[in-house]
Amino acid sequence: MSEVPPTAGLPLGLGDFLPAPALSFEQSLATFLKVPAVQIECSGTAALVLILATLAAGSKRRRVILPAYTCPLVLLAILHCRLEPILCDLQPGHFDFDLQTLSRLCTEDTLAVITTHLGGRVANLQPVLEIAGRTGTHVIEDAAQALGANWQGQPVGMIGEAGFYSLAVGKGLTLFEGGVLLASRDALRSKLRETAQKIIPRNIPREALRVAQLLGYAALYRPSGLALAYGIPLRRALKRGKLIEAVGDNFPADIPLHQVGFWRKAVGARALRRLPAFQSELNMQAQQRLKRLASISNIVALTDAPGDQGTWPFFMILMPTRAARDAALDRLWTARLGVSRLYLNALIDYSYLRENIASEDTPNARDFAARMLTVSNSPWLNDAGFESICRVLEANCRCAGAPG
Ligand SMILES: *Cc1c(COP(=O)(O)O)cnc(C)c1O
């Protein structure tokens with residue numbers, strides 16, 4: 001039985017494991033992104049830890065603003081650096097910050113604002129840069145799922161002070177776990193390297209584990225292998241009602257920090273050569289399928305603003321109500337078609353995080369979490385499968401009646 005992955009990852013081939021390529025992974029990535037240099041770390045979260053630690057070392061400010069709906073690892077990275085997380089609510093029906101709330105929260109005590117290019121969609125950076133600029137606050141771009149995306153012609157991650165991409169499984173190009181660190185200014189780039197030399201050790205057993213995991217990914221990331229690696233554990237977790245396990249939101253508080261070995265980077269460099277063609281295939285498929293999604297009344301598929309070019313690992317779809325979302329997921333989540341949820345909750349609603357967050361009401365983030373589902377943009381989801389998903393979405397919007 002074949003299984004569609006929830007996100008469109010770049011499959012690895014045998015050729016990716018052969019001798020090292022001529023250019024280093026860092027050099028090839030910098031060329032691909034059209035940036036001066038990149039730094040490879042063991043995860044997106046590790047990259048964020050380095051950014052925060054470096055910025056905090058040069059400042060007395062301790063507060064870091066983050067979106068009230070994002071990956072829980074972002075919050076854990078802030079706590080790891082002993083900084084104070086401040087949740088900012090979203091705009092209704094979007095992942096961008098509510099700007100009035102952001103202006104109120106962003107003060108002379110704010111070290112940084114972390115803005116997110118969620119799920120490959122491009123954030124509206126201009127107002128964030130303006131608001132942060134008024135108080136001398138740094139802007140950090142979380143572009144974890146947006147390697148290859150552009151904001152107004154510039155690569156995301158390079159518009160604020162610093163940014164990062166994730167190379168984890170499911171985010172596109174992968175080293176099984178990995179992160180790419182970017183900074184817009186030379187001075188910060190060299191400081192980030194110094195911080196890494198100080199706080200990122202070698203860990204040979206951990207690197208050996210990652211090599212084995214990357215080989216496992218190469219073997220199983222195909223329609224016939226994904227049931228074993230993804231589908232069966234997913235359906236088992238759902239059957240037991242363990243939603244946090246089902247989406248993989250149960251992160252440990254301690255963040256692994258170690259250097260990425262030469263061999264995994266060489267795999268990345270070889271796989272990267274196929275990324276441009278893969279991304280343009282995904283983009284073409286996404287543009288086609290967005291038309292079909294737009295024909296379904298009462299749902300919204302998130303897109304990019306004019307002048308922005310995101311990446312398309314999956315579609316983020318807002319249903320009219322939580323009940324409609326849940327009804328659609330009842331039919332689709334276990335259907336092997338790559339329909340899923342992104343992060344389960346607004347950050348405030350994870351029991352394992354709540355004690356670390358000053359209570360701030362974030363109703364729009366809660367609503368976004370309650371109404372969103374994701375539809376894979378993997379090339380392995382064929383037209384018939386995609387159409388059957390659209391029919392279920394249509395049926396459940398009708399049941400839900402008029403949108404609120
Ligand atoms: C995955 C993700 C991260 C963390 O990246 P890792 O490489 O898994 O550590 C951070 N932010 C967002 C929005 C993500 O999707």
# chains A, B, ... in the order shown; residues from 1 in each chain; ligands from 1

call {"tool": "residues_near_ligand", "arguments": {"ligand": "ligand 1", "cutoff": "10 Å", "atoms": "only C-alpha atoms and all ligand atoms", "output": "PyMOL selection string"}}
result
chain A and resi 41-49+67+69-77+114-120+141-146+164-171+174-180+251+255-256+342-343

call {"tool": "atom_distance", "arguments": {"atom1": "CA of Val211 (chain A)", "atom2": "CA of Gly13 (chain A)"}}
result
14.9 Å

call {"tool": "residues_around", "arguments": {"residues": "Val267 (chain A)", "least_positions_apart": "5", "cutoff": "10 Å", "atoms": "only C-alpha atoms", "output": "PyMOL selection string"}}
result
chain A and resi 12-21+25+174-175+214+262+272

call {"tool": "residues_around", "arguments": {"residues": "Ala56 (chain A)", "least_positions_apart": "5", "cutoff": "8 Å", "atoms": "only C-alpha atoms", "output": "count of residues only"}}
result
3

call {"tool": "select_by_dssp", "arguments": {"residues": "region 308-347 of chain A", "states": "alpha helix (DSSP H)", "output": "number ranges by chain"}}
result
A: 322-332

call {"tool": "closest_residue", "arguments": {"among": "A:Ala37, A:Leu282, A:Ala358, A:Ala294", "to": "Thr7 (chain A)", "atoms": "only C-alpha atoms"}}
result
A:Leu282

call {"tool": "closest_atom_pairs", "arguments": {"of": "region 269-343 of chain A", "to": "region 228-243 of chain A", "cutoff": "9 Å", "atoms": "only C-alpha atoms", "output": "JSON lines"}}
result
{"residue": "A:Trp333", "atom": "CA", "partner": "A:Arg235", "partner_atom": "CA", "distance": 8.4}
{"residue": "A:Thr334", "atom": "CA", "partner": "A:Arg235", "partner_atom": "CA", "distance": 6.1}
{"residue": "A:Arg336", "atom": "CA", "partner": "A:Gly231", "partner_atom": "CA", "distance": 6.9}

call {"tool": "residues_around", "arguments": {"residues": "Asp308 (chain A)", "least_positions_apart": "3", "cutoff": "6 Å", "atoms": "only C-alpha atoms", "output": "mmCIF file with C-alpha atoms, in the first residue's frame"}}
result
data_model
loop_
_atom_site.group_PDB
_atom_site.id
_atom_site.type_symbol
_atom_site.label_atom_id
_atom_site.label_comp_id
_atom_site.auth_asym_id
_atom_site.auth_seq_id
_atom_site.Cartn_x
_atom_site.Cartn_y
_atom_site.Cartn_z
ATOM 1 C CA ASN A 150 12.021 34.991 -1.717
ATOM 2 C CA TRP A 151 10.552 38.112 -0.173
ATOM 3 C CA GLN A 152 10.331 40.912 -2.747
ATOM 4 C CA ASP A 304 1.842 34.697 -0.968
ATOM 5 C CA ALA A 305 1.552 38.453 -1.454
#
